[in-house]
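Structure data follow from data-v3.pdb (PDB, C-alpha atoms):
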ATOM      1  CA  MET U   1      44.202  81.924 -71.747
ATOM      2  CA  VAL U   2      43.494  79.947 -68.575
ATOM      3  CA  ARG U   3      46.947  80.594 -67.152
ATOM      4  CA  GLY U   4      46.804  84.297 -67.955
ATOM      5  CA  ASN U   5      43.451  84.643 -66.274
ATOM      6  CA  ARG U   6      44.394  82.947 -63.044
ATOM      7  CA  CYS U   7      45.093  86.327 -61.513
ATOM      8  CA  TYR U   8      41.371  86.754 -60.988
ATOM      9  CA  LEU U   9      41.337  84.075 -58.325
ATOM     10  CA  TRP U  10      43.057  86.643 -56.218
ATOM     11  CA  LEU U  11      40.935  89.682 -56.906
ATOM     12  CA  VAL U  12      39.129  89.281 -53.641
ATOM     13  CA  ARG U  13      40.561  92.405 -52.101
ATOM     14  CA  PHE U  14      41.095  95.510 -54.250
ATOM     15  CA  ARG U  15      43.125  98.661 -53.693
ATOM     16  CA  THR U  16      43.992 101.496 -56.044
ATOM     17  CA  GLY U  17      47.101 102.495 -54.072
ATOM     18  CA  GLU U  18      49.735 100.445 -52.282
ATOM     19  CA  ARG U  19      50.233 101.030 -48.597
ATOM     20  CA  ARG U  20      53.524 101.373 -46.776
ATOM     21  CA  ALA U  21      55.499  98.142 -46.499
ATOM     22  CA  PRO U  22      57.474  97.378 -43.330
ATOM     23  CA  ALA U  23      60.644  99.423 -43.225
ATOM     24  CA  ALA U  24      62.874  96.870 -41.556
ATOM     25  CA  GLY U  25      64.329  93.991 -43.523
ATOM     26  CA  GLY U  26      62.621  94.876 -46.782
ATOM     27  CA  GLY U  27      59.229  93.921 -45.395
ATOM     28  CA  LYS U  28      60.351  90.627 -43.844
ATOM     29  CA  VAL U  29      59.426  89.421 -40.379
ATOM     30  CA  PRO U  30      62.179  90.558 -37.985
ATOM     31  CA  VAL U  31      64.606  87.799 -36.991
ATOM     32  CA  ALA U  32      63.669  88.255 -33.333
ATOM     33  CA  LEU U  33      60.067  87.354 -34.080
ATOM     34  CA  ARG U  34      60.591  84.350 -36.325
ATOM     35  CA  PRO U  35      61.184  81.810 -33.525
ATOM     36  CA  ALA U  36      57.930  82.978 -31.915
ATOM     37  CA  ILE U  37      55.828  81.881 -34.876
ATOM     38  CA  GLY U  38      53.877  78.846 -33.739
ATOM     39  CA  VAL U  39      55.181  79.121 -30.129
ATOM     40  CA  ALA U  40      53.261  80.732 -27.267
ATOM     41  CA  ARG U  41      55.087  83.304 -25.164
ATOM     42  CA  GLU U  42      54.265  84.084 -21.551
ATOM     43  CA  THR U  43      55.340  87.705 -21.810
ATOM     44  CA  MET U  44      53.066  90.083 -23.664
ATOM     45  CA  PRO U  45      54.952  91.623 -26.616
ATOM     46  CA  PHE U  46      52.855  94.791 -26.609
ATOM     47  CA  SER U  47      50.991  97.177 -24.328
ATOM     48  CA  PRO U  48      47.421  95.834 -24.080
ATOM     49  CA  GLY U  49      45.792  99.156 -23.314
ATOM     50  CA  GLY U  50      42.895  97.719 -21.314
ATOM     51  CA  ILE U  51      40.803  95.448 -23.525
ATOM     52  CA  PHE U  52      43.135  92.449 -23.646
ATOM     53  CA  GLY U  53      42.367  90.839 -20.312
ATOM     54  CA  SER U  54      43.280  87.218 -19.596
ATOM     55  CA  GLU U  55      40.315  84.891 -20.088
ATOM     56  CA  ARG U  56      41.191  81.345 -19.097
ATOM     57  CA  ASN U  57      38.181  80.001 -17.201
ATOM     58  CA  ALA U  58      37.827  76.478 -18.561
ATOM     59  CA  MET U  59      34.163  76.393 -17.548
ATOM     60  CA  GLU U  60      33.308  79.259 -19.904
ATOM     61  CA  ALA U  61      32.834  79.152 -23.656
ATOM     62  CA  ALA U  62      36.026  79.441 -25.662
ATOM     63  CA  VAL U  63      37.403  82.788 -26.816
ATOM     64  CA  ALA U  64      38.685  83.221 -30.361
ATOM     65  CA  ALA U  65      40.804  85.791 -32.138
ATOM     66  CA  PHE U  66      40.006  86.207 -35.839
ATOM     67  CA  PHE U  67      42.412  87.954 -38.190
ATOM     68  CA  ASP U  68      41.760  89.359 -41.655
ATOM     69  CA  VAL U  69      44.627  88.764 -44.113
ATOM     70  CA  ASP U  70      45.316  91.525 -46.656
ATOM     71  CA  TYR U  71      46.632  94.732 -45.047
ATOM     72  CA  THR U  72      46.180  93.150 -41.611
ATOM     73  CA  VAL U  73      48.307  90.028 -41.212
ATOM     74  CA  LEU U  74      49.984  90.997 -44.484
ATOM     75  CA  SER U  75      51.283  94.478 -45.237
ATOM     76  CA  VAL U  76      50.250  94.095 -48.894
ATOM     77  CA  SER U  77      47.333  92.841 -50.954
ATOM     78  CA  SER U  78      47.824  89.210 -51.939
ATOM     79  CA  GLY U  79      45.728  89.851 -55.047
ATOM     80  CA  ARG U  80      47.992  92.675 -56.136
ATOM     81  CA  GLN U  81      51.041  90.504 -55.525
ATOM     82  CA  TRP U  82      49.609  87.769 -57.751
ATOM     83  CA  VAL U  83      48.907  90.212 -60.570
ATOM     84  CA  ARG U  84      52.437  91.598 -60.294
ATOM     85  CA  TYR U  85      53.801  88.077 -60.449
ATOM     86  CA  LEU U  86      51.851  87.391 -63.636
ATOM     87  CA  ARG U  87      52.953  90.676 -65.203
ATOM     88  CA  ARG U  88      56.609  89.958 -64.465
ATOM     89  CA  ASN U  89      56.234  86.595 -66.185
ATOM     90  CA  GLY U  90      54.409  88.057 -69.196
ATOM     91  CA  ARG U  91      51.174  86.220 -68.446
ATOM     92  CA  ILE U  92      48.652  89.034 -68.248
ATOM     93  CA  THR U  93      47.292  91.089 -71.125
ATOM     94  CA  TRP U  94      46.690  94.830 -71.067
ATOM     95  CA  ARG U  95      42.975  94.118 -71.396
ATOM     96  CA  LEU U  96      42.977  92.030 -68.228
ATOM     97  CA  TRP U  97      45.137  94.585 -66.445
ATOM     98  CA  GLY U  98      42.624  97.304 -67.357
ATOM     99  CA  MET U  99      39.777  95.192 -66.005
ATOM    100  CA  PHE U 100      41.646  94.734 -62.741
ATOM    101  CA  LEU U 101      42.135  98.506 -62.379
ATOM    102  CA  TRP U 102      38.456  99.110 -63.101
ATOM    103  CA  LEU U 103      37.393  96.634 -60.409
ATOM    104  CA  ALA U 104      39.914  98.129 -58.002
ATOM    105  CA  LEU U 105      38.394 101.566 -58.542
ATOM    106  CA  ARG U 106      34.873 100.268 -57.949
ATOM    107  CA  TYR U 107      36.034  98.569 -54.749
ATOM    108  CA  TYR U 108      37.651 101.781 -53.532
ATOM    109  CA  LEU U 109      34.452 103.725 -54.209
ATOM    110  CA  GLY U 110      32.327 101.112 -52.475
ATOM    111  CA  LEU U 111      30.496 100.217 -55.708
ATOM    112  CA  LEU U 112      31.764  96.691 -56.228
ATOM    113  CA  GLU U 113      29.221  93.854 -56.134
ATOM    114  CA  PHE U 114      31.543  91.148 -54.884
ATOM    115  CA  PRO U 115      29.419  88.049 -55.612
ATOM    116  CA  ARG U 116      28.878  89.100 -59.225
ATOM    117  CA  ALA U 117      32.501  90.157 -59.711
ATOM    118  CA  SER U 118      33.940  86.995 -58.164
ATOM    119  CA  ALA U 119      31.615  84.762 -60.196
ATOM    120  CA  LYS U 120      32.601  86.525 -63.402
ATOM    121  CA  LEU U 121      36.326  86.412 -62.708
ATOM    122  CA  THR U 122      36.609  82.872 -61.387
ATOM    123  CA  ALA U 123      34.646  81.582 -64.378
ATOM    124  CA  MET U 124      37.680  82.494 -66.469
ATOM    125  CA  ILE U 125      39.776  79.717 -64.917
ATOM    126  CA  ALA U 126      37.285  76.905 -65.480
ATOM    127  CA  GLY U 127      39.114  73.710 -66.413
ATOM    128  CA  ALA U 128      42.485  74.565 -64.868
ATOM    129  CA  ASP U 129      44.355  71.689 -63.188
ATOM    130  CA  GLU U 130      43.963  72.332 -59.472
ATOM    131  CA  GLN U 131      47.084  70.497 -58.296
ATOM    132  CA  ALA U 132      49.347  72.288 -60.769
ATOM    133  CA  PHE U 133      47.866  75.608 -59.713
ATOM    134  CA  ARG U 134      48.347  74.771 -56.033
ATOM    135  CA  GLU U 135      52.023  73.931 -56.613
ATOM    136  CA  GLU U 136      52.613  77.165 -58.511
ATOM    137  CA  THR U 137      50.934  79.300 -55.893
ATOM    138  CA  ARG U 138      53.005  77.636 -53.162
ATOM    139  CA  ARG U 139      56.163  78.813 -54.890
ATOM    140  CA  TRP U 140      54.627  82.236 -55.464
ATOM    141  CA  PHE U 141      53.660  82.515 -51.794
ATOM    142  CA  GLU U 142      57.197  81.892 -50.574
ATOM    143  CA  GLU U 143      58.692  84.602 -52.783
ATOM    144  CA  TRP U 144      55.930  87.167 -53.144
ATOM    145  CA  VAL U 145      53.828  86.959 -49.966
ATOM    146  CA  ARG U 146      55.696  85.467 -47.030
ATOM    147  CA  PRO U 147      58.195  88.371 -46.829
ATOM    148  CA  TYR U 148      55.284  90.733 -46.131
ATOM    149  CA  ILE U 149      53.910  89.138 -42.978
ATOM    150  CA  ALA U 150      53.357  92.077 -40.620
ATOM    151  CA  PRO U 151      55.483  91.948 -37.442
ATOM    152  CA  GLY U 152      52.673  93.437 -35.348
ATOM    153  CA  ALA U 153      50.320  90.677 -36.464
ATOM    154  CA  VAL U 154      52.845  88.020 -35.468
ATOM    155  CA  GLU U 155      53.182  89.546 -32.008
ATOM    156  CA  ARG U 156      49.432  89.728 -31.507
ATOM    157  CA  ILE U 157      48.908  86.139 -32.651
ATOM    158  CA  VAL U 158      51.591  85.018 -30.196
ATOM    159  CA  TRP U 159      49.869  86.905 -27.384
ATOM    160  CA  HIS U 160      46.432  85.428 -28.099
ATOM    161  CA  ARG U 161      47.938  81.958 -28.257
ATOM    162  CA  ALA U 162      49.521  82.539 -24.836
ATOM    163  CA  GLN U 163      46.075  83.396 -23.446
ATOM    164  CA  GLY U 164      44.687  80.094 -24.680
ATOM    165  CA  HIS U 165      42.496  81.746 -27.305
ATOM    166  CA  GLN U 166      41.602  79.905 -30.490
ATOM    167  CA  ILE U 167      43.028  81.656 -33.532
ATOM    168  CA  ALA U 168      41.741  81.662 -37.093
ATOM    169  CA  LEU U 169      42.406  83.609 -40.268
ATOM    170  CA  VAL U 170      39.261  84.946 -41.957
ATOM    171  CA  SER U 171      39.704  86.230 -45.492
ATOM    172  CA  ALA U 172      37.868  86.838 -48.733
ATOM    173  CA  ALA U 173      40.988  85.492 -50.452
ATOM    174  CA  THR U 174      41.112  81.880 -51.605
ATOM    175  CA  GLU U 175      42.854  79.045 -49.793
ATOM    176  CA  TYR U 176      45.768  79.250 -52.243
ATOM    177  CA  VAL U 177      47.137  82.119 -50.191
ATOM    178  CA  VAL U 178      45.314  81.718 -46.863
ATOM    179  CA  ARG U 179      46.311  78.091 -46.273
ATOM    180  CA  PRO U 180      50.088  78.534 -46.713
ATOM    181  CA  LEU U 181      49.909  81.699 -44.602
ATOM    182  CA  ALA U 182      48.110  79.847 -41.814
ATOM    183  CA  GLU U 183      50.661  77.037 -41.941
ATOM    184  CA  THR U 184      53.549  79.510 -41.820
ATOM    185  CA  LEU U 185      52.086  81.120 -38.696
ATOM    186  CA  GLY U 186      51.229  77.816 -37.052
ATOM    187  CA  ILE U 187      47.489  78.553 -37.170
ATOM    188  CA  PRO U 188      45.409  75.390 -37.634
ATOM    189  CA  ASP U 189      42.155  77.071 -38.666
ATOM    190  CA  TYR U 190      41.295  79.394 -41.531
ATOM    191  CA  LEU U 191      38.073  80.555 -43.175
ATOM    192  CA  CYS U 192      38.262  81.780 -46.752
ATOM    193  CA  THR U 193      36.556  81.905 -50.131
ATOM    194  CA  ARG U 194      36.648  78.405 -51.562
ATOM    195  CA  LEU U 195      36.670  77.440 -55.209
ATOM    196  CA  GLU U 196      34.834  74.388 -56.442
ATOM    197  CA  VAL U 197      37.011  71.501 -57.649
ATOM    198  CA  VAL U 198      35.602  68.524 -59.568
ATOM    199  CA  ASP U 199      37.750  65.620 -60.775
ATOM    200  CA  GLY U 200      40.916  67.569 -59.983
ATOM    201  CA  ARG U 201      39.972  70.654 -61.990
ATOM    202  CA  LEU U 202      38.720  74.074 -61.001
ATOM    203  CA  THR U 203      35.170  74.556 -62.230
ATOM    204  CA  GLY U 204      35.305  78.349 -62.125
ATOM    205  CA  ARG U 205      32.588  78.472 -59.466
ATOM    206  CA  VAL U 206      32.759  79.751 -55.891
ATOM    207  CA  VAL U 207      31.426  77.695 -52.981
ATOM    208  CA  GLU U 208      28.618  79.877 -51.651
ATOM    209  CA  PRO U 209      28.634  82.133 -49.810
ATOM    210  CA  PRO U 210      32.022  83.731 -50.508
ATOM    211  CA  CYS U 211      33.861  84.727 -47.344
ATOM    212  CA  TYR U 212      33.276  88.433 -47.892
ATOM    213  CA  GLY U 213      31.122  91.004 -46.086
ATOM    214  CA  PRO U 214      28.089  89.243 -44.554
ATOM    215  CA  GLY U 215      29.580  85.966 -45.814
ATOM    216  CA  LYS U 216      32.334  86.278 -43.236
ATOM    217  CA  VAL U 217      29.710  86.403 -40.498
ATOM    218  CA  TYR U 218      28.103  83.242 -41.889
ATOM    219  CA  TRP U 219      31.340  81.237 -41.841
ATOM    220  CA  VAL U 220      32.488  82.596 -38.468
ATOM    221  CA  GLU U 221      29.143  81.840 -36.810
ATOM    222  CA  ARG U 222      29.264  78.324 -38.209
ATOM    223  CA  TYR U 223      32.834  77.891 -36.999
ATOM    224  CA  ALA U 224      31.933  79.267 -33.547
ATOM    225  CA  ALA U 225      28.922  76.966 -33.195
ATOM    226  CA  GLU U 226      31.000  73.903 -34.038
ATOM    227  CA  ARG U 227      33.736  74.785 -31.516
ATOM    228  CA  GLY U 228      31.751  76.326 -28.679
ATOM    229  CA  ILE U 229      33.161  79.814 -29.152
ATOM    230  CA  ASP U 230      31.549  82.839 -27.519
ATOM    231  CA  LEU U 231      31.668  85.572 -30.157
ATOM    232  CA  ALA U 232      30.660  88.173 -27.568
ATOM    233  CA  ARG U 233      34.019  87.574 -25.884
ATOM    234  CA  SER U 234      36.036  87.154 -29.074
ATOM    235  CA  TYR U 235      38.218  89.454 -31.183
ATOM    236  CA  PHE U 236      38.385  90.413 -34.836
ATOM    237  CA  TYR U 237      41.190  92.401 -36.467
ATOM    238  CA  SER U 238      40.615  94.005 -39.873
ATOM    239  CA  ASP U 239      41.624  96.940 -42.045
ATOM    240  CA  SER U 240      38.517  97.113 -44.227
ATOM    241  CA  TYR U 241      35.121  98.769 -43.959
ATOM    242  CA  THR U 242      33.701  95.797 -45.870
ATOM    243  CA  ASP U 243      34.363  93.759 -42.708
ATOM    244  CA  ARG U 244      32.089  95.937 -40.577
ATOM    245  CA  TYR U 245      29.506  93.147 -40.355
ATOM    246  CA  LEU U 246      31.889  90.838 -38.518
ATOM    247  CA  LEU U 247      33.413  93.684 -36.529
ATOM    248  CA  LEU U 248      29.939  94.448 -35.217
ATOM    249  CA  ARG U 249      29.333  90.779 -34.442
ATOM    250  CA  VAL U 250      32.253  90.184 -32.053
ATOM    251  CA  GLY U 251      32.768  91.607 -28.593
ATOM    252  CA  TYR U 252      36.185  93.116 -29.299
ATOM    253  CA  PRO U 253      36.524  94.677 -32.768
ATOM    254  CA  ILE U 254      39.929  96.176 -33.591
ATOM    255  CA  ALA U 255      40.622  98.329 -36.651
ATOM    256  CA  VAL U 256      44.143  97.649 -37.956
ATOM    257  CA  ASN U 257      45.734  99.976 -40.509
ATOM    258  CA  PRO U 258      42.127 100.966 -41.360
ATOM    259  CA  ASP U 259      40.899 102.377 -44.634
ATOM    260  CA  PRO U 260      39.247 105.832 -44.346
ATOM    261  CA  ARG U 261      35.696 104.547 -43.917
ATOM    262  CA  LEU U 262      36.646 102.005 -41.275
ATOM    263  CA  ARG U 263      38.718 104.603 -39.439
ATOM    264  CA  ARG U 264      35.680 106.872 -39.314
ATOM    265  CA  LEU U 265      33.433 104.046 -38.083
ATOM    266  CA  ALA U 266      35.969 102.979 -35.469
ATOM    267  CA  ARG U 267      36.180 106.513 -34.101
ATOM    268  CA  GLN U 268      32.398 106.785 -33.976
ATOM    269  CA  ARG U 269      32.078 103.552 -32.022
ATOM    270  CA  GLY U 270      35.175 103.922 -29.884
ATOM    271  CA  TRP U 271      36.952 100.880 -31.295
ATOM    272  CA  PRO U 272      40.740 100.604 -30.868
ATOM    273  CA  ILE U 273      42.746 101.656 -33.915
ATOM    274  CA  GLU U 274      46.146 100.037 -34.309
ATOM    275  CA  ARG U 275      48.997  99.551 -36.764
ATOM    276  CA  PHE U 276      50.668  96.208 -37.362
ATOM    277  CA  TYR U 277      53.355  97.558 -39.728
TER     278      TYR U 277
END
For the structure just supplied, provide its representation as structure tokens.
Amino acid sequence: MVRGNRCYLWLVRFRTGERRAPAAGGGKVPVALRPAIGVARETMPFSPGGIFGSERNAMEAAVAAFFDVDYTVLSVSSGRQWVRYLRRNGRITWRLWGMFLWLALRYYLGLLEFPRASAKLTAMIAGADEQAFREETRRWFEEWVRPYIAPGAVERIVWHRAQGHQIALVSAATEYVVRPLAETLGIPDYLCTRLEVVDGRLTGRVVEPPCYGPGKVYWVERYAAERGIDLARSYFYSDSYTDRYLLLRVGYPIAVNPDPRLRRLARQRGWPIERFY
């Protein structure tokens, strides 16, 4: 049952309903944007509105732009895509599917205890061969995730790169989706929930703390300290109310395709609200 339970590696972001996928190209990154991935452009591809000023003083601390993954850089949930992949290949039982829906509901209602849920779910894959799993998820990423990179996210990443800002993905998802996504976008740095590997096998344990909620603040502050980044002058893009801790920590929080609670918080605090797809 190890293979059938691998879906729970990806239950780091839950939704009960799917959001709108990009209309053009079946959700794929427009052809015009593909050459820009990994290449800085001098011309801004969007209207900055007033908070995206150029900050290039080499004597000052570095500025970073952090991007959440699911429903921000991606127009879908990577966890949902993994479960769909397993269902199509007949590798998930109805019992496991029911558990996923139950956890999704608790997440939507704000009742999910992420550390307990992630510990319980990742324990199910204890003993799995890590290299074989990595190879499978690489193939899955190319077919099931890469087509859903949000065009607006690509444009914004290109703009921040042109300003000389450091860019990093920050996600509660595991590296088995975050790493290939970062490589596709030409982003060298990513912060994510990491799974413990011993002697080439997944132990079923999470490296604490998971990159979720306050855990994102922990990993971002550590990253910023190591690289001399001024978080008061940095940016964070996210769709989820669970990311409010990090949104409150940076100088420029941006709500992207926000869920209802984050939309309400953003309006209360006067944060920009944007759509990337």
Q: Please provide the set of residues having any atom within 9 Å of U:Phe67, restricted to all atoms listed in the file, with same-chain residues fewer than 3 positions apart removed, written as a list in words.
A: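 Counting only the stated atoms, we get Thr72, Val73, Ala153, Ile157, Ile167, Ala168, Leu169, Val170, Ser171, Tyr235, Phe236, Tyr237 and Ser238 of chain U.
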Q: Step by step, work through what the PyMOL selection byres ((chain U and resi 132) around 12) selects in the shown file, and finish by giving those residues as a ChimeraX atom specification.
A: /U:3,6,127-131,133-139,176,200-202
Q | For U:Lys216: contacts at 12 Å, only C-alpha atoms, fewer than 2 positions along chain excluded, given as an MDAnalysis selection string | A | chainID U and resid 66:68 169:173 190:193 208:214 218:224 236 238 242:250
Q. So which one's closest to U:Trp140, U:Arg264, U:Arg205, U:Arg84, U:Arg95? Using only C-alpha atoms, please.
A.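 The closest residue to U:Trp140 is U:Arg84.
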Q: Identify which of the residues U:Trp144, U:Val154, U:Arg233, U:Glu226 lies closest to U:Leu86, counting only C-alpha atoms when measuring atom-to-atom distances.
A: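 Nearest to U:Leu86: U:Trp144.
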Q: Using atom CA of U:Gly251 and atom CA of U:Gln163 as the two end points, give the distance in Å to one decimal.
A: 16.5 Å
